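Read the structure below first, then the notes.
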Amino acid sequence: MSNPPDVPVYKRRDILEPVAELGQLAARTPVYRNTGSEVYDWIAVGRDEVRAILGDTERFSTRPPQENPDLPRPRPEPGNLLMYDLPEHTKLRQKLTPDFTVRRMRALEPAIERIVTGQLDVLEKAGRPADLMKHFARPVSGLVGCAVLGIPRDDLPQLARMTDIRAARRSPKRTAARKAFNAYMDRIVAQKRRDPGEDLLSTLIQRHGSGLTDQELAGICSSVIAGELENASEMLGLGALALLVHPDQFGRLRERPELMENAVEELLRYVSVVSVASPRTALEDVTIGGQVIKEGEVVGCSLFAAHRATAPGEPPDTLDITREPGSHMALGHGIHFCLGAALARMQLRIAYRGLLDRFPGLRLAVPPEELRFRLLAPQHGIETLPVEW
Amino acid sequence: MELRVDRDRCAGTGQCALFLPAVFDQSEDDGKVLLLEPRPAAEQAASVRAAARRCPTGAITLLVTETSHG
Ligand code: HEM
Ligand code: SF4
C-alpha cells in the first residue's frame with residue numbers, strides 16, 4: 001500500500017521498511033524543524049540525538065505541554081508514569097518496579113502459556129485464511145492484561161472498544177470513551193480493595209495500602225491495558241509479519257529454538273512498533289544536532305528512524321535474528337524505559353514459539369502489498385493480517 | 001576491572017540482570033540493581049561493557065585499572 005500524502009516522513013513505511021527520504025534526513029539533519037504538526041516543533045531522527053534527548057531528563061520533560069503561559073505547567077494524569085518528571089517519577093516508579101521484575105513476571109508464565117494455547121486453538125478453528133490480529137495478537141495481549149490486573153476476561157471486548165475509540169484522535173466519541181474507561185478502572189480498583197485476588201493489582205494494593213491512591217492505581221491499570229492493547233498486540237502481529245516476509249529467518253527460528261530470546265530483541269528493534277516516543281518539551285534552550293531547541297518547544301524522537309534509517313549509499317538495514325542484540329530503544333531509553341518490558345518480552349517469546357510449533361508452514365494469505373497499516377497513531381499498526389498454513 | 005553502580009540513578013529496569021545474571025541482580029525490595037560481582041573476571045570484560053552500554057540510565061560504570069588486565 002502506498003503512503004497517503006498526509007503521513008509525515010518519520011511515520012511512513014513501505015510495509016516494514018523505512019522510506020529513502022528518512023535516511024537522507026537522518027544523515028543530513030538529525031534534528032529537523034517540523035511543520036504541519038499540532039504536537040511536535042522538532043523531530044529527532046539521528047540515533048545519537050534520539051538517545052541523548054531520551055536520556056536527558058534534566059532538560060527535557062514529558063509533562064503535558066503548557067497551553068497557557070500564565071498558568072503553572074499542568075500536572076500529569078495520576079498514575080501515568082510516562083508523564084511524570086523527576087523526582088515524582090522515581091517515587092511512583094519505585095513502588096511499582098518490584099512487581100514488574102523478570103522474576104515476578106515468571107510467575108505469570110503458566111497463565112500466559114494457557115492464553116496462547118487457547119488462542120492458537122481459536123486461530124486454527126477459524127480456518128484458512130484466518131486473521132492473525134483478530135484471532136491471536138489482539139486477544140492474547142488483551143487477555144494477558146486482564147490476567148495481570150485480575151479483570152474478568154468477558155470484559156475484554158468492552159475494554160478493547162473503549163481503548164480503540166480513546167486512541168482515535170478525531171472521534172467525537174473520544175471524551176465519552178475516556179470517561180467510561182476511567183470509570184471502569186475506578187470500579188476495578190474499588191473492587192480489588194474490597195476483595196483482593198492473586199493478581200498484580202491486588203499485590204500492589206496490599207503492599208502499599210494508602211501509599212498508592214485509587215486514582216494512581218486506576219492510572220497504572222490504564223497504562224497496563226494500553227501497553228498491552230496498543231503496543232504489545234501490534235508488536236506481536238508486526239513481528240510475526242516480519243518473520244513471514246523473511247521465510248529464511250522464520251525457518252531458522254523454527255529449527256533453533258534457542259535463538260528465541262535474541263530473535264525477540266531483533267524483532268523489537270526491527271519493527272520499532274512505538275515509532276515516535278512521547279513528546280519531550282525542552283525546559284531550557286538546548287543545542288543538539290546542529291539546532292537550537294528553544295525552551296518550551298516540543299521534540300518527537302523517532303525510534304524507528306534511530307534504529308532503521310541508513311544514509312544514502314549505505315546498505316539498507318535488514319532483519320537478522322542472529323544479530324548480537326545491541327542497545328536498541330524499542331522499549332524506551334532513560335528513566336521512562338518500559339515498565340512492562342519483562343512482561344512484553346516473555347509474552348512475545350511464548351507467542352512466537354507457540355505460532356512456530358503449531359503452524360510450521362505459516363505464511364501470508366495475501367501479497368504483502370495488499371496489507372493495510374495504521375500509520376497515524378504513535379504506534380505502527382496493522383488492520384488485519386490474513387494467514388494460512 | 002572494577003564495577004560501580006549508582007543506585008540513585010538506577011531506574012530498576014532489570015536490563016543488566018537479564019543480560020548478565022552472573023554479575024547483576026535485581027533487588028526484591030526496590031527492584032533496583034544489586035551488584036553480585038564488583039570485580040568481574042577479565043573474560044567477562046566484553047559482556048560487562050555491553051551491559052553498561054545497555055543500562056538505560058547510565059547507572060553502571062567500569063573502572064579499568066592499569067594492572068588488572070581487565
Ligand atoms: C512490545 C510491547 C511494548 C513496547 C514496544 C513498549 C514500548 C514502550 C516505550 C518505547 C516506552 C517509553 C516511551 C517514551 O519514553 O516516550 C514505554 C513506557 C512504558 N510502558 Fe511499554 N511497551 C510495551 C508493552 C508494555 C506493557 C505490556 C506494559 C504494561 C505493564 C507497558 C507499560 C509501560 C509503562 C507504564 C511505561 C512508562 C514507564 C515510565 O514512564 O517510567 N508497556 N513502553
Ligand atoms: S540496567 Fe541500569 S537502570 Fe536497569 S536495573 Fe540495571 S543498573 Fe538499574
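Order determines the names: the first chain of the C-alpha cells is A, the second B, and so forth; residues in each chain are numbered 1 upward, and ligands are numbered 1 upward as they are shown.
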Practice task
Pull out every residue of chain B sitting within 6 Å of chain A, counting only C-alpha atoms, and send them as a list of chain:residue names.
Solution key: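 Result, ordered by chain then number: B:Ala11, B:Glu28, B:Asp30, B:Gly31, B:Arg54, B:Pro56, B:Thr57.
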Store the residues of this selection in a file with C-alpha atoms, as a PDB file, in the first residue's frame.
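Okay, again25.pdb is ready:
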ATOM      1  CA  ALA B  11      15.523   3.082  37.426  1.00  0.00           C
ATOM      2  CA  GLU B  28      13.260  -7.983  45.542  1.00  0.00           C
ATOM      3  CA  ASP B  30      13.061  -1.924  45.497  1.00  0.00           C
ATOM      4  CA  GLY B  31      13.636  -3.537  42.102  1.00  0.00           C
ATOM      5  CA  ARG B  54      22.543  -1.207  27.678  1.00  0.00           C
ATOM      6  CA  PRO B  56      19.040   2.956  30.048  1.00  0.00           C
ATOM      7  CA  THR B  57      20.023   5.357  32.815  1.00  0.00           C
TER       8      THR B  57
END
Those in chain B with strand (DSSP E) from DSSP, as a PDB file with C-alpha atoms, in the first residue's frame:
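Heads up, here's the output in part10.pdb:
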ATOM      1  CA  GLU B   2      36.122  -2.758  38.825  1.00  0.00           C
ATOM      2  CA  LEU B   3      32.425  -2.059  38.573  1.00  0.00           C
ATOM      3  CA  ARG B   4      30.340   0.625  40.219  1.00  0.00           C
ATOM      4  CA  VAL B   5      26.582   1.010  40.198  1.00  0.00           C
ATOM      5  CA  PHE B  24      23.968  -8.207  38.303  1.00  0.00           C
ATOM      6  CA  ASP B  25      20.763  -8.968  40.160  1.00  0.00           C
ATOM      7  CA  GLN B  26      17.564  -7.035  40.742  1.00  0.00           C
ATOM      8  CA  VAL B  33      20.278  -3.205  40.702  1.00  0.00           C
ATOM      9  CA  LEU B  34      22.348  -5.350  43.063  1.00  0.00           C
ATOM     10  CA  LEU B  35      25.968  -5.893  42.233  1.00  0.00           C
ATOM     11  CA  ILE B  60      26.765   1.292  35.587  1.00  0.00           C
ATOM     12  CA  THR B  61      30.376   2.438  35.304  1.00  0.00           C
ATOM     13  CA  LEU B  62      33.538   0.484  34.738  1.00  0.00           C
ATOM     14  CA  LEU B  63      36.802   1.476  36.266  1.00  0.00           C
TER      15      LEU B  63
END
Exercise for the section: Would you please work out which residue, of B:Ala42, B:Ala52, B:Leu20, B:Cys10, is nearest to ligand 1 when using only C-alpha atoms and all ligand atoms? Expected result: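 Comparing B:Ala42, B:Ala52, B:Leu20, B:Cys10 against ligand 1, the winner is B:Cys10.
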Problem - Shell of 9 Å around Ala111 of chain A, only C-alpha atoms, local chain residues under 5 positions omitted, as a PyMOL selection string - result: chain A and resi 116+144+147
Problem - Point-to-point distance from atom CA of Gly58 of chain B to atom 5 (S, counted along the ligand's line) of ligand 2, Å rounded to tenths - result: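 Value for the atom CA of Gly58 of chain B-atom 5 (S, counted along the ligand's line) of ligand 2 distance: 9.9 Å.
Of the listed residues (B:Val64, B:Cys16, B:Val23, B:Cys55), B:Val23 comes nearest to Pro40 of chain B; the distances count only C-alpha atoms.
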Exercise for the section: Tell me which protein, DNA and RNA residues are within 6 Å of segment 222-238 of chain A, counting only C-alpha atoms, leaving out same-chain ones fewer than 4 positions away, and put them as a ChimeraX atom specification. Expected result: /A:137-138,141-142,145,273,381
Exercise for the section: To one decimal in Å, tell me the separation between atom CA of Leu355 of chain A and atom CA of Leu343 of chain A. Expected result: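 Result for atom CA of Leu355 of chain A versus atom CA of Leu343 of chain A: 18.3 Å, one decimal.
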Which of segment 26-61 of chain B counts as helix (DSSP H, G or I) under DSSP, as a JSON list (two decimals) with C-alpha atoms, in the first residue's frame please?
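The resulting file, states.json, is reproduced below:
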[["chain", "number", "residue", "atom", "x", "y", "z"],
["B", 42, "ALA", "CA", 38.76, -10.39, 32.79],
["B", 43, "GLU", "CA", 36.95, -12.82, 30.44],
["B", 44, "GLN", "CA", 33.73, -11.04, 31.27],
["B", 45, "ALA", "CA", 35.02, -7.62, 30.27],
["B", 46, "ALA", "CA", 33.18, -7.55, 26.95],
["B", 47, "SER", "CA", 29.84, -8.60, 28.42],
["B", 48, "VAL", "CA", 30.18, -6.22, 31.33],
["B", 49, "ARG", "CA", 30.89, -3.38, 28.94],
["B", 50, "ALA", "CA", 27.86, -4.36, 26.86],
["B", 51, "ALA", "CA", 25.68, -4.48, 29.99],
["B", 52, "ALA", "CA", 26.85, -0.99, 30.97],
["B", 53, "ARG", "CA", 26.02, 0.27, 27.49],
["B", 54, "ARG", "CA", 22.54, -1.21, 27.68]]
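The gap separating atom CA of Gly150 of chain A from atom CA of Asp199 of chain A is 5.1 Å, in Å to one decimal.
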Exercise for the section: Write out as a PyMOL selection string which residues come within 10 Å of Leu243 of chain A when counting only C-alpha atoms, dropping same-chain ones fewer than 4 positions away. Expected result: chain A and resi 238-239+247-251+253+263+267+319+321+352+362-363
Got time to write the residues from that selection, C-alpha atoms, as a short mmCIF file (atom, residue, chain, number, x, y, z; two decimals), in the first residue's frame?
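Output file result.cif follows:
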data_model
loop_
_atom_site.label_atom_id
_atom_site.label_comp_id
_atom_site.auth_asym_id
_atom_site.auth_seq_id
_atom_site.Cartn_x
_atom_site.Cartn_y
_atom_site.Cartn_z
CA LEU A 238 4.03 -6.95 13.15
CA GLY A 239 6.84 -9.15 14.49
CA PRO A 247 10.94 -17.06 5.35
CA ASP A 248 14.66 -17.82 5.83
CA GLN A 249 14.57 -16.22 9.28
CA PHE A 250 11.28 -17.92 10.07
CA GLY A 251 12.82 -21.29 9.21
CA LEU A 253 13.96 -19.72 14.31
CA ALA A 263 15.04 -13.02 17.90
CA LEU A 267 12.13 -8.08 16.14
CA LEU A 319 16.24 -8.37 9.76
CA ILE A 321 17.62 -12.80 14.25
CA TYR A 352 6.09 -16.77 18.69
CA LEU A 362 2.58 -20.42 8.41
CA ARG A 363 2.51 -17.91 5.52
#
Practice task
Select, from B:Ala41, B:Ala59, B:Phe19, B:Lys32, the residue with the minimum atom-to-atom distance to Asp6 of chain B, counting only C-alpha atoms.
Solution key: B:Ala59
Practice task
Pick out the residues sitting within 8 Å of Val274 of chain A, and hand them over as a list in words; count only C-alpha atoms, and ignore anything fewer than 5 positions along from it in its own chain.
Solution key: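 Skipping anything fewer than 5 positions along the chain leaves Asn231, Leu303, Phe304, Ala330, Pro378, Gln379 and His380 of chain A.
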Can I get the selected residues back with N, CA and C atoms, as a short mmCIF file (atom, residue, chain, number, x, y, z; two decimals), in the first residue's frame?
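In the end it all went to part.cif:
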data_model
loop_
_atom_site.label_atom_id
_atom_site.label_comp_id
_atom_site.auth_asym_id
_atom_site.auth_seq_id
_atom_site.Cartn_x
_atom_site.Cartn_y
_atom_site.Cartn_z
N ASN A 231 0.49 -1.47 22.39
CA ASN A 231 1.87 -1.78 22.00
C ASN A 231 2.10 -3.28 21.79
N LEU A 303 12.02 6.62 17.16
CA LEU A 303 12.75 5.40 17.50
C LEU A 303 12.97 4.58 16.23
N PHE A 304 11.97 4.62 15.35
CA PHE A 304 12.05 3.87 14.10
C PHE A 304 13.24 4.36 13.26
N ALA A 330 13.71 0.29 21.46
CA ALA A 330 12.32 -0.04 21.15
C ALA A 330 11.44 -0.07 22.40
N PRO A 378 0.81 6.93 17.25
CA PRO A 378 2.22 6.88 17.66
C PRO A 378 2.82 5.49 17.43
N GLN A 379 1.96 4.46 17.48
CA GLN A 379 2.43 3.10 17.22
C GLN A 379 2.19 2.77 15.76
N HIS A 380 3.12 2.01 15.18
CA HIS A 380 2.84 1.45 13.88
C HIS A 380 1.80 0.36 14.11
#
